[in-house]
>>> print(open('run08.txt').read())   # compact mmCIF, C-alpha atoms and all ligand atoms
# COMPACT_ATOMS: atom_id res chain seq x y z
CA MET A 1 -7.23 -6.27 5.42
CA PHE A 2 -9.74 -3.69 6.63
CA GLY A 3 -12.64 -2.85 4.37
CA PRO A 4 -12.87 0.58 2.77
CA ASP A 5 -14.46 3.43 4.67
CA PRO A 6 -18.17 3.87 3.79
CA LEU A 7 -17.72 7.10 1.81
CA SER A 8 -15.00 5.62 -0.43
CA ARG A 9 -17.12 2.50 -0.94
CA SER A 10 -20.14 4.49 -2.02
CA LEU A 11 -18.00 6.57 -4.41
CA ALA A 12 -16.85 3.38 -6.16
CA LYS A 13 -20.49 2.43 -6.59
CA ALA A 14 -21.73 5.83 -7.73
CA SER A 15 -19.07 6.10 -10.45
CA ARG A 16 -20.73 3.28 -12.39
CA ARG A 17 -22.61 6.11 -14.12
CA ILE A 18 -19.43 7.33 -15.85
CA GLY A 19 -17.83 4.05 -16.94
CA PRO A 20 -16.69 2.01 -18.74
CA VAL A 21 -13.41 2.01 -16.90
CA ILE A 22 -10.14 0.11 -17.37
CA LEU A 23 -7.75 -0.73 -14.53
CA MET A 24 -4.02 -1.11 -15.17
CA TYR A 25 -1.99 -3.64 -13.19
CA HIS A 26 1.56 -4.88 -13.81
CA SER A 27 3.12 -7.31 -11.31
CA ILE A 28 1.18 -9.17 -8.60
CA GLN A 29 3.33 -10.29 -5.66
CA GLY A 30 2.66 -12.92 -3.01
CA GLY A 31 2.73 -12.17 0.69
CA ARG A 32 1.13 -9.43 2.70
CA ALA A 33 3.89 -6.83 2.60
CA VAL A 34 3.50 -3.75 0.39
CA PRO A 35 5.83 -4.43 -2.60
CA LYS A 36 8.71 -1.99 -3.11
CA TRP A 37 7.98 -1.49 -6.80
CA LEU A 38 5.17 1.04 -7.34
CA TRP A 39 3.70 -1.21 -10.07
CA SER A 40 3.47 -4.41 -7.99
CA VAL A 41 0.29 -5.09 -6.06
CA ALA A 42 0.18 -7.65 -3.23
CA PHE A 43 -1.97 -10.65 -4.19
CA ASN A 44 -4.24 -10.31 -1.14
CA ARG A 45 -4.87 -6.68 -1.91
CA PHE A 46 -5.65 -7.57 -5.51
CA LEU A 47 -8.29 -10.07 -4.36
CA ASP A 48 -9.83 -7.51 -2.01
CA GLN A 49 -9.98 -5.00 -4.88
CA ILE A 50 -11.74 -7.47 -7.18
CA ASP A 51 -14.26 -8.35 -4.47
CA LEU A 52 -14.95 -4.67 -3.83
CA LEU A 53 -15.65 -4.07 -7.52
CA ARG A 54 -17.96 -7.04 -7.68
CA ASP A 55 -19.82 -5.94 -4.56
CA ALA A 56 -20.16 -2.43 -6.02
CA GLY A 57 -21.93 -3.89 -9.05
CA TRP A 58 -19.30 -3.46 -11.78
CA GLN A 59 -19.56 -5.89 -14.72
CA PHE A 60 -16.22 -7.33 -15.83
CA ARG A 61 -15.31 -7.35 -19.53
CA ARG A 62 -12.29 -7.80 -21.75
CA VAL A 63 -10.89 -4.57 -23.22
CA SER A 64 -11.94 -5.45 -26.77
CA ASP A 65 -15.52 -5.93 -25.54
CA LEU A 66 -15.78 -2.34 -24.29
CA THR A 67 -16.35 -0.75 -27.68
CA GLY A 68 -18.95 -3.07 -29.19
CA GLU A 69 -22.59 -3.20 -28.24
CA ASP A 70 -21.59 -2.96 -24.61
CA ALA A 71 -19.95 0.45 -25.16
CA SER A 72 -22.96 2.21 -23.72
CA ASP A 73 -22.89 -0.03 -20.67
CA ARG A 74 -21.49 2.33 -18.10
CA CYS A 75 -21.15 -0.38 -15.46
CA SER A 76 -18.45 -2.15 -17.51
CA LEU A 77 -14.95 -2.51 -16.14
CA ALA A 78 -11.90 -4.17 -17.69
CA ILE A 79 -8.92 -5.44 -15.69
CA THR A 80 -5.62 -5.24 -17.61
CA PHE A 81 -2.11 -6.46 -16.85
CA ASP A 82 0.85 -4.97 -18.72
CA ASP A 83 4.06 -6.79 -19.70
CA GLY A 84 3.08 -10.42 -18.90
CA TYR A 85 4.97 -11.16 -15.66
CA ARG A 86 4.86 -14.77 -14.54
CA ASP A 87 3.90 -13.57 -11.06
CA ASN A 88 0.45 -12.82 -12.55
CA ASP A 89 -0.29 -16.54 -12.54
CA PRO A 90 -2.18 -16.67 -9.19
CA ALA A 91 -4.21 -13.63 -10.29
CA PHE A 92 -5.18 -15.45 -13.51
CA LEU A 93 -6.23 -18.55 -11.55
CA ALA A 94 -8.20 -16.49 -9.03
CA LEU A 95 -10.02 -14.61 -11.81
CA GLU A 96 -10.72 -17.82 -13.70
CA ARG A 97 -12.22 -19.36 -10.53
CA ARG A 98 -14.50 -16.36 -10.15
CA GLY A 99 -15.52 -16.38 -13.83
CA ILE A 100 -14.03 -12.91 -14.32
CA PRO A 101 -12.38 -12.13 -17.70
CA ALA A 102 -9.28 -9.90 -17.96
CA THR A 103 -6.80 -8.70 -20.58
CA TRP A 104 -3.02 -9.23 -20.63
CA PHE A 105 -0.77 -7.04 -22.78
CA VAL A 106 2.30 -9.09 -23.61
CA VAL A 107 5.78 -8.23 -24.97
CA SER A 108 5.99 -10.79 -27.76
CA THR A 109 9.78 -11.40 -27.86
CA ASN A 110 9.83 -11.99 -24.09
CA VAL A 111 7.23 -14.75 -23.88
CA GLY A 112 8.74 -17.43 -21.62
CA ARG A 113 12.02 -15.46 -21.33
CA PRO A 114 13.22 -13.07 -18.62
CA ALA A 115 12.23 -9.43 -19.09
CA ALA A 116 14.91 -7.88 -21.25
CA TRP A 117 14.02 -4.21 -21.52
CA SER A 118 16.11 -1.70 -19.63
CA ASP A 119 13.66 -0.97 -16.85
CA ASP A 120 16.00 -1.22 -13.87
CA THR A 121 13.52 -2.88 -11.47
CA THR A 122 12.10 -5.69 -13.59
CA THR A 123 15.05 -6.66 -15.81
CA GLY A 124 15.41 -10.43 -15.57
CA TRP A 125 11.97 -11.06 -14.07
CA PRO A 126 10.37 -14.27 -15.43
CA MET A 127 7.53 -13.85 -17.89
CA LEU A 128 4.48 -15.98 -18.73
CA ASP A 129 5.29 -18.66 -21.31
CA ALA A 130 3.50 -19.67 -24.50
CA GLY A 131 1.72 -22.67 -22.95
CA ARG A 132 0.29 -20.54 -20.15
CA LEU A 133 -0.82 -17.79 -22.53
CA ARG A 134 -2.68 -20.40 -24.60
CA GLU A 135 -4.38 -21.75 -21.47
CA MET A 136 -5.36 -18.24 -20.47
CA ALA A 137 -6.87 -17.53 -23.89
CA GLN A 138 -8.76 -20.83 -23.78
CA ALA A 139 -10.10 -19.85 -20.36
CA GLY A 140 -11.64 -16.70 -21.88
CA MET A 141 -8.86 -14.26 -21.03
CA GLU A 142 -7.78 -11.79 -23.72
CA ILE A 143 -4.14 -11.59 -24.81
CA GLY A 144 -3.20 -8.28 -26.42
CA GLY A 145 0.02 -6.78 -27.79
CA HIS A 146 2.54 -4.58 -25.96
CA SER A 147 5.14 -4.30 -28.80
CA ARG A 148 7.94 -6.74 -29.61
CA HIS A 149 10.63 -5.18 -27.38
CA HIS A 150 8.79 -2.85 -24.97
CA CYS A 151 9.96 0.32 -26.75
CA ARG A 152 8.95 3.93 -26.30
CA LEU A 153 7.10 3.92 -29.61
CA ALA A 154 6.77 7.71 -29.95
CA GLU A 155 10.58 7.95 -29.95
CA LEU A 156 11.11 5.33 -32.68
CA PRO A 157 11.72 6.22 -36.34
CA ALA A 158 8.51 5.70 -38.32
CA ASP A 159 9.98 2.86 -40.37
CA ARG A 160 10.48 0.74 -37.24
CA LEU A 161 6.88 1.01 -36.06
CA PRO A 162 5.41 -1.79 -38.22
CA ASP A 163 7.97 -4.30 -36.95
CA GLU A 164 7.29 -3.44 -33.30
CA ILE A 165 3.51 -3.21 -33.61
CA ARG A 166 2.39 -5.49 -36.44
CA GLY A 167 5.26 -7.88 -35.72
CA CYS A 168 4.03 -8.23 -32.14
CA ARG A 169 0.52 -9.12 -33.32
CA LEU A 170 1.84 -11.74 -35.76
CA GLU A 171 4.08 -13.35 -33.12
CA LEU A 172 1.25 -13.53 -30.58
CA GLU A 173 -1.22 -14.89 -33.12
CA GLU A 174 1.31 -17.58 -33.98
CA ILE A 175 1.49 -18.54 -30.30
CA LEU A 176 -2.24 -18.34 -29.62
CA ASP A 177 -3.69 -19.43 -32.95
CA ARG A 178 -6.40 -16.78 -32.59
CA PRO A 179 -6.78 -13.10 -33.55
CA VAL A 180 -5.09 -10.44 -31.40
CA THR A 181 -7.06 -7.19 -31.56
CA SER A 182 -5.99 -5.10 -28.58
CA PHE A 183 -2.78 -3.24 -27.76
CA ALA A 184 -1.27 -1.15 -24.96
CA TYR A 185 1.41 1.50 -25.62
CA PRO A 186 4.54 0.65 -23.55
CA TYR A 187 5.30 3.48 -21.06
CA GLY A 188 2.14 5.13 -22.41
CA SER A 189 4.36 6.49 -25.21
CA TYR A 190 2.37 7.27 -28.38
CA ASN A 191 1.68 9.99 -30.94
CA GLN A 192 -0.47 10.26 -34.07
CA ALA A 193 1.96 8.16 -36.16
CA VAL A 194 1.98 5.42 -33.51
CA VAL A 195 -1.83 5.37 -33.29
CA GLU A 196 -2.04 5.06 -37.09
CA ALA A 197 0.53 2.24 -37.09
CA VAL A 198 -1.55 0.42 -34.46
CA ARG A 199 -4.69 0.83 -36.57
CA ASP A 200 -2.85 -0.25 -39.77
CA ALA A 201 -1.53 -3.32 -37.96
CA GLY A 202 -5.11 -4.53 -37.45
CA TYR A 203 -5.70 -3.74 -33.78
CA ARG A 204 -9.20 -2.46 -32.95
CA VAL A 205 -8.55 -1.04 -29.50
CA ALA A 206 -5.51 0.37 -27.67
CA CYS A 207 -4.86 1.58 -24.14
CA THR A 208 -2.82 4.57 -22.99
CA THR A 209 -1.67 5.36 -19.44
CA GLN A 210 -3.70 8.57 -19.18
CA TYR A 211 -6.28 8.46 -16.42
CA GLY A 212 -10.04 8.87 -16.68
CA PRO A 213 -13.08 7.00 -17.99
CA ALA A 214 -11.95 4.63 -20.77
CA LEU A 215 -13.75 6.38 -23.60
CA ALA A 216 -13.31 9.98 -22.40
CA ASP A 217 -11.56 10.83 -25.68
CA GLY A 218 -14.11 8.96 -27.80
CA ASP A 219 -11.34 6.97 -29.55
CA PRO A 220 -11.00 3.20 -29.10
CA LEU A 221 -7.30 3.50 -29.98
CA ARG A 222 -6.72 5.95 -27.08
CA MET A 223 -8.53 4.36 -24.20
CA ARG A 224 -7.70 5.74 -20.77
CA ARG A 225 -6.96 3.61 -17.70
CA LEU A 226 -6.67 3.98 -13.95
CA ALA A 227 -3.34 2.83 -12.47
CA VAL A 228 -3.36 0.65 -9.36
CA TYR A 229 -0.28 1.23 -7.16
CA SER A 230 1.48 -0.95 -4.60
CA HIS A 231 0.51 1.42 -1.78
CA ASP A 232 -3.19 1.70 -2.62
CA THR A 233 -5.36 0.78 0.35
CA LEU A 234 -8.85 -0.55 -0.29
CA SER A 235 -10.19 2.93 0.50
CA SER A 236 -7.82 4.77 -1.86
CA PHE A 237 -8.57 2.14 -4.50
CA ALA A 238 -12.32 2.73 -4.09
CA ARG A 239 -11.79 6.50 -4.27
CA LYS A 240 -9.78 6.31 -7.49
CA ILE A 241 -12.64 4.38 -9.09
CA GLY A 242 -15.06 6.90 -7.65
CA LEU A 243 -13.20 9.94 -8.95
CA MET A 244 -11.68 8.34 -12.09
CA ARG A 245 -8.25 9.68 -11.06
CA ASN A 246 -5.01 7.88 -10.17
CA GLU A 247 -4.54 10.14 -7.16
CA ALA A 248 -7.82 10.43 -5.30
CA THR A 249 -6.93 12.30 -2.13
CA TRP A 250 -9.56 13.40 0.38
CA GLY A 251 -9.10 16.96 -0.91
CA ARG A 252 -10.15 15.74 -4.35
CA VAL A 253 -13.10 13.88 -2.83
CA PHE A 254 -14.41 17.04 -1.19
CA GLU A 255 -13.96 19.01 -4.42
CA HIS A 256 -15.86 16.27 -6.25
CA LEU A 257 -18.69 16.21 -3.71
CA ALA A 258 -18.97 20.01 -3.71
CA ALA A 259 -19.12 20.07 -7.52
CA THR A 260 -21.77 17.33 -7.53
CA MET A 261 -23.89 19.24 -5.02
CA LEU A 262 -23.61 22.46 -7.04
CA THR A 263 -24.63 20.66 -10.24
CA GLN A 264 -27.65 19.16 -8.51
CA ARG A 265 -28.78 22.57 -7.21
CA ARG A 266 -28.71 24.16 -10.65
ZN ZN A 301 4.88 -2.20 -20.12
>>> encode(input="run08.txt", output="structure tokens", more="lines below")
Ligand SMILES: [Zn+2]
Amino acid sequence: MFGPDPLSRSLAKASRRIGPVILMYHSIQGGRAVPKWLWSVAFNRFLDQIDLLRDAGWQFRRVSDLTGEDASDRCSLAITFDDGYRDNDPAFLALERRGIPATWFVVSTNVGRPAAWSDDTTTGWPMLDAGRLREMAQAGMEIGGHSRHHCRLAELPADRLPDEIRGCRLELEEILDRPVTSFAYPYGSYNQAVVEAVRDAGYRVACTTQYGPALADGDPLRMRRLAVYSHDTLSSFARKIGLMRNEATWGRVFEHLAATMLTQRR
């Protein structure tokens, strides 16, 4: 893997002024090939991305630690994994070895069972089991909720929300024997009723799939994330951190630099 170009690298460093930031991963696949699924990242690329963040001076935190006393710490970055795929195992071990915490958002009825939601690509994929989730929690990783059945929550009737949201927390707490306080909306699907159901269920923080600095909306139950894609190179990865956008093309970089220069001249 080639390193990032110098401009992209310095953007990833400069953006520490506008954190905290949350990264969203799903599947992590072995081998060097670029995975076919947009939401799978090759393991080697994942490691390069983590090393780049560390070199750029980002401080790693769990999602639920972003809103406490560290909220003002703009160098904070949380790594999140949605769904709980078993292929995340090497990523967990690599993070544990480096002493880096991360957060996994798990579909509670699919723990240790093949993915069962109707998402053509991943149906049948193996998921992390209860024993592994417990080990991860003991190793300092955070396990959060991702609903019981991976539903589009904004499309559900209101009377089904407590079962999907609170029920998920109860099932995970039963597995982990510790409090579960963070949540991620499956498919990024939420509305006011869903946010209130998440709050009523006892979660303190929740992640959307909108891009930008985590606390851009000032609401810990609507935290933004940056999506990492299968095709991201180390340079495009560095640029998305630098610009706080999922798509950080060179055109966007030049707009960003021009805007920064204009602000400084005023
Ligand atoms: Zn999901």
>>> atom_distance(input="run08.txt", atom1="atom CA of Gln49 of chain A", atom2="atom CA of Phe237 of chain A")
7.3 Å
>>> residues_near_ligand(input="run08.txt", ligand="ligand ZN 301 (chain A)", cutoff="7 Å", atoms="only C-alpha atoms and all ligand atoms", output="list of chain:residue names")
A:Asp82, A:Asp83, A:His146, A:His150, A:Pro186, A:Tyr187
>>> closest_atom_pairs(input="run08.txt", of="segment 10-100 of chain A", to="segment 164-183 of chain A", cutoff="10 Å", atoms="all atoms listed in the file", output="JSON lines")
{"residue": "A:Arg62", "atom": "CA", "partner": "A:Ser182", "partner_atom": "CA", "distance": 9.7}
{"residue": "A:Val63", "atom": "CA", "partner": "A:Ser182", "partner_atom": "CA", "distance": 7.3}
{"residue": "A:Ser64", "atom": "CA", "partner": "A:Ser182", "partner_atom": "CA", "distance": 6.2}
{"residue": "A:Asp82", "atom": "CA", "partner": "A:Phe183", "partner_atom": "CA", "distance": 9.9}
>>> closest_residue(input="run08.txt", among="A:Arg199, A:Arg239, A:Arg204, A:Arg97", to="Leu52 of chain A", atoms="only C-alpha atoms")
A:Arg239
>>> atom_distance(input="run08.txt", atom1="atom CA of Val205 of chain A", atom2="atom CA of Pro220 of chain A")
4.9 Å
>>> residues_near_point(input="run08.txt", point="(-2.2, -14.7, -15.1)", cutoff="10 Å", atoms="all atoms listed in the file", output="NGL selection string")
:A and (27-28 or 81 or 84-96 or 102-104 or 128 or 132-133 or 135-136 or 141)
>>> write_last_selection(input="run08.txt", atoms="C-alpha atoms", output="mmCIF file, in the coordinates of the input")
data_model
loop_
_atom_site.group_PDB
_atom_site.id
_atom_site.type_symbol
_atom_site.label_atom_id
_atom_site.label_comp_id
_atom_site.auth_asym_id
_atom_site.auth_seq_id
_atom_site.Cartn_x
_atom_site.Cartn_y
_atom_site.Cartn_z
ATOM 1 C CA SER A 27 3.120 -7.310 -11.310
ATOM 2 C CA ILE A 28 1.180 -9.170 -8.600
ATOM 3 C CA PHE A 81 -2.110 -6.460 -16.850
ATOM 4 C CA GLY A 84 3.080 -10.420 -18.900
ATOM 5 C CA TYR A 85 4.970 -11.160 -15.660
ATOM 6 C CA ARG A 86 4.860 -14.770 -14.540
ATOM 7 C CA ASP A 87 3.900 -13.570 -11.060
ATOM 8 C CA ASN A 88 0.450 -12.820 -12.550
ATOM 9 C CA ASP A 89 -0.290 -16.540 -12.540
ATOM 10 C CA PRO A 90 -2.180 -16.670 -9.190
ATOM 11 C CA ALA A 91 -4.210 -13.630 -10.290
ATOM 12 C CA PHE A 92 -5.180 -15.450 -13.510
ATOM 13 C CA LEU A 93 -6.230 -18.550 -11.550
ATOM 14 C CA ALA A 94 -8.200 -16.490 -9.030
ATOM 15 C CA LEU A 95 -10.020 -14.610 -11.810
ATOM 16 C CA GLU A 96 -10.720 -17.820 -13.700
ATOM 17 C CA ALA A 102 -9.280 -9.900 -17.960
ATOM 18 C CA THR A 103 -6.800 -8.700 -20.580
ATOM 19 C CA TRP A 104 -3.020 -9.230 -20.630
ATOM 20 C CA LEU A 128 4.480 -15.980 -18.730
ATOM 21 C CA ARG A 132 0.290 -20.540 -20.150
ATOM 22 C CA LEU A 133 -0.820 -17.790 -22.530
ATOM 23 C CA GLU A 135 -4.380 -21.750 -21.470
ATOM 24 C CA MET A 136 -5.360 -18.240 -20.470
ATOM 25 C CA MET A 141 -8.860 -14.260 -21.030
#
>>> atom_distance(input="run08.txt", atom1="atom CA of Val198 of chain A", atom2="atom CA of Ile241 of chain A")
28.0 Å
>>> closest_residue(input="run08.txt", among="A:Leu53, A:Val194, A:Ile22, A:Ile100", to="Arg224 of chain A", atoms="only C-alpha atoms")
A:Ile22
>>> axis_aligned_box(input="run08.txt", around="segment 113-116 of chain A", padding_each_side="6 Å", output="AutoDock Vina command-line options")
--center_x 13.5 --center_y -11.7 --center_z -20.0 --size_x 14.9 --size_y 19.6 --size_z 14.7
>>> closest_residue(input="run08.txt", among="A:Arg148, A:Asp51, A:Trp39, A:Leu77", to="Asn110 of chain A", atoms="only C-alpha atoms")
A:Arg148
>>> residues_near_point(input="run08.txt", point="(-4.7, 3.1, -29.2)", cutoff="6 Å", atoms="all atoms listed in the file", output="list in words")
Val195, Val205, Ala206, Cys207, Leu221 and Arg222 of chain A
>>> residues_around(input="run08.txt", residues="Thr233 of chain A", least_positions_apart="3", cutoff="10 Å", atoms="all atoms listed in the file", output="JSON, numbers by chain")
{"A": [1, 2, 3, 4, 34, 45, 48, 49, 228, 229, 230, 236, 237, 238, 239]}
>>> write_last_selection(input="run08.txt", atoms="C-alpha atoms", output="short mmCIF file (atom, residue, chain, number, x, y, z; two decimals), keeping the file's coordinate frame")
data_model
loop_
_atom_site.label_atom_id
_atom_site.label_comp_id
_atom_site.auth_asym_id
_atom_site.auth_seq_id
_atom_site.Cartn_x
_atom_site.Cartn_y
_atom_site.Cartn_z
CA MET A 1 -7.23 -6.27 5.42
CA PHE A 2 -9.74 -3.69 6.63
CA GLY A 3 -12.64 -2.85 4.37
CA PRO A 4 -12.87 0.58 2.77
CA VAL A 34 3.50 -3.75 0.39
CA ARG A 45 -4.87 -6.68 -1.91
CA ASP A 48 -9.83 -7.51 -2.01
CA GLN A 49 -9.98 -5.00 -4.88
CA VAL A 228 -3.36 0.65 -9.36
CA TYR A 229 -0.28 1.23 -7.16
CA SER A 230 1.48 -0.95 -4.60
CA SER A 236 -7.82 4.77 -1.86
CA PHE A 237 -8.57 2.14 -4.50
CA ALA A 238 -12.32 2.73 -4.09
CA ARG A 239 -11.79 6.50 -4.27
#
>>> closest_residue(input="run08.txt", among="A:Ser8, A:Ser235, A:Thr122, A:Thr80", to="Ala184 of chain A", atoms="only C-alpha atoms")
A:Thr80
>>> residues_around(input="run08.txt", residues="Ala227 of chain A", least_positions_apart="2", cutoff="8 Å", atoms="all atoms listed in the file", output="ChimeraX atom specification")
/A:23-25,209,211,225,229,246
>>> closest_residue(input="run08.txt", among="A:Ser40, A:Gln29, A:Gln138, A:Ser10", to="Gly57 of chain A", atoms="only C-alpha atoms")
A:Ser10
>>> closest_residue(input="run08.txt", among="A:Ala193, A:Ala258, A:Val21, A:Ile50", to="Gln210 of chain A", atoms="only C-alpha atoms")
A:Val21
>>> build_atoms(input="run08.txt", residues="segment 199-218 of chain A", atoms="N, CA, C and O atoms", output="compact mmCIF listing (two decimals), in the frame of the given file")
# COMPACT_ATOMS: atom_id res chain seq x y z
N ARG A 199 -3.48 1.09 -35.79
CA ARG A 199 -4.69 0.83 -36.57
C ARG A 199 -4.33 0.02 -37.83
O ARG A 199 -4.97 -0.98 -38.15
N ASP A 200 -3.26 0.44 -38.53
CA ASP A 200 -2.85 -0.25 -39.77
C ASP A 200 -2.45 -1.69 -39.50
O ASP A 200 -2.53 -2.54 -40.38
N ALA A 201 -1.97 -1.97 -38.29
CA ALA A 201 -1.53 -3.32 -37.96
C ALA A 201 -2.70 -4.25 -37.67
O ALA A 201 -2.52 -5.45 -37.46
N GLY A 202 -3.93 -3.68 -37.62
CA GLY A 202 -5.11 -4.53 -37.45
C GLY A 202 -5.65 -4.60 -36.04
O GLY A 202 -6.55 -5.39 -35.77
N TYR A 203 -5.13 -3.78 -35.13
CA TYR A 203 -5.70 -3.74 -33.78
C TYR A 203 -6.96 -2.87 -33.81
O TYR A 203 -7.01 -1.85 -34.50
N ARG A 204 -7.95 -3.24 -33.01
CA ARG A 204 -9.20 -2.46 -32.95
C ARG A 204 -9.22 -1.50 -31.78
O ARG A 204 -9.89 -0.47 -31.81
N VAL A 205 -8.53 -1.87 -30.70
CA VAL A 205 -8.55 -1.04 -29.50
C VAL A 205 -7.13 -0.93 -28.94
O VAL A 205 -6.32 -1.85 -29.10
N ALA A 206 -6.84 0.20 -28.28
CA ALA A 206 -5.51 0.37 -27.67
C ALA A 206 -5.63 1.22 -26.41
O ALA A 206 -6.45 2.14 -26.34
N CYS A 207 -4.80 0.90 -25.43
CA CYS A 207 -4.86 1.58 -24.14
C CYS A 207 -3.64 2.47 -23.92
O CYS A 207 -2.51 2.07 -24.21
N THR A 208 -3.89 3.65 -23.37
CA THR A 208 -2.82 4.57 -22.99
C THR A 208 -2.59 4.42 -21.48
O THR A 208 -3.13 3.50 -20.85
N THR A 209 -1.81 5.34 -20.90
CA THR A 209 -1.67 5.36 -19.44
C THR A 209 -2.27 6.65 -18.88
O THR A 209 -2.04 6.99 -17.72
N GLN A 210 -3.03 7.38 -19.72
CA GLN A 210 -3.70 8.57 -19.18
C GLN A 210 -4.90 8.12 -18.35
O GLN A 210 -5.49 7.08 -18.64
N TYR A 211 -5.21 8.90 -17.31
CA TYR A 211 -6.28 8.46 -16.42
C TYR A 211 -7.63 9.05 -16.83
O TYR A 211 -7.69 10.07 -17.51
N GLY A 212 -8.69 8.38 -16.41
CA GLY A 212 -10.04 8.87 -16.68
C GLY A 212 -10.91 7.73 -17.16
O GLY A 212 -10.44 6.60 -17.30
N PRO A 213 -12.21 8.02 -17.41
CA PRO A 213 -13.08 7.00 -17.99
C PRO A 213 -12.49 6.52 -19.32
O PRO A 213 -11.90 7.32 -20.06
N ALA A 214 -12.65 5.23 -19.63
CA ALA A 214 -11.95 4.63 -20.77
C ALA A 214 -12.19 5.38 -22.08
O ALA A 214 -11.26 5.60 -22.86
N LEU A 215 -13.42 5.80 -22.30
CA LEU A 215 -13.75 6.38 -23.60
C LEU A 215 -13.90 7.90 -23.52
O LEU A 215 -14.60 8.50 -24.34
N ALA A 216 -13.21 8.52 -22.58
CA ALA A 216 -13.31 9.98 -22.40
C ALA A 216 -12.92 10.72 -23.67
O ALA A 216 -13.44 11.80 -23.95
N ASP A 217 -12.00 10.15 -24.46
CA ASP A 217 -11.56 10.83 -25.68
C ASP A 217 -12.34 10.35 -26.91
O ASP A 217 -12.06 10.78 -28.03
N GLY A 218 -13.27 9.43 -26.70
CA GLY A 218 -14.11 8.96 -27.80
C GLY A 218 -13.35 8.20 -28.87
O GLY A 218 -13.80 8.12 -30.01
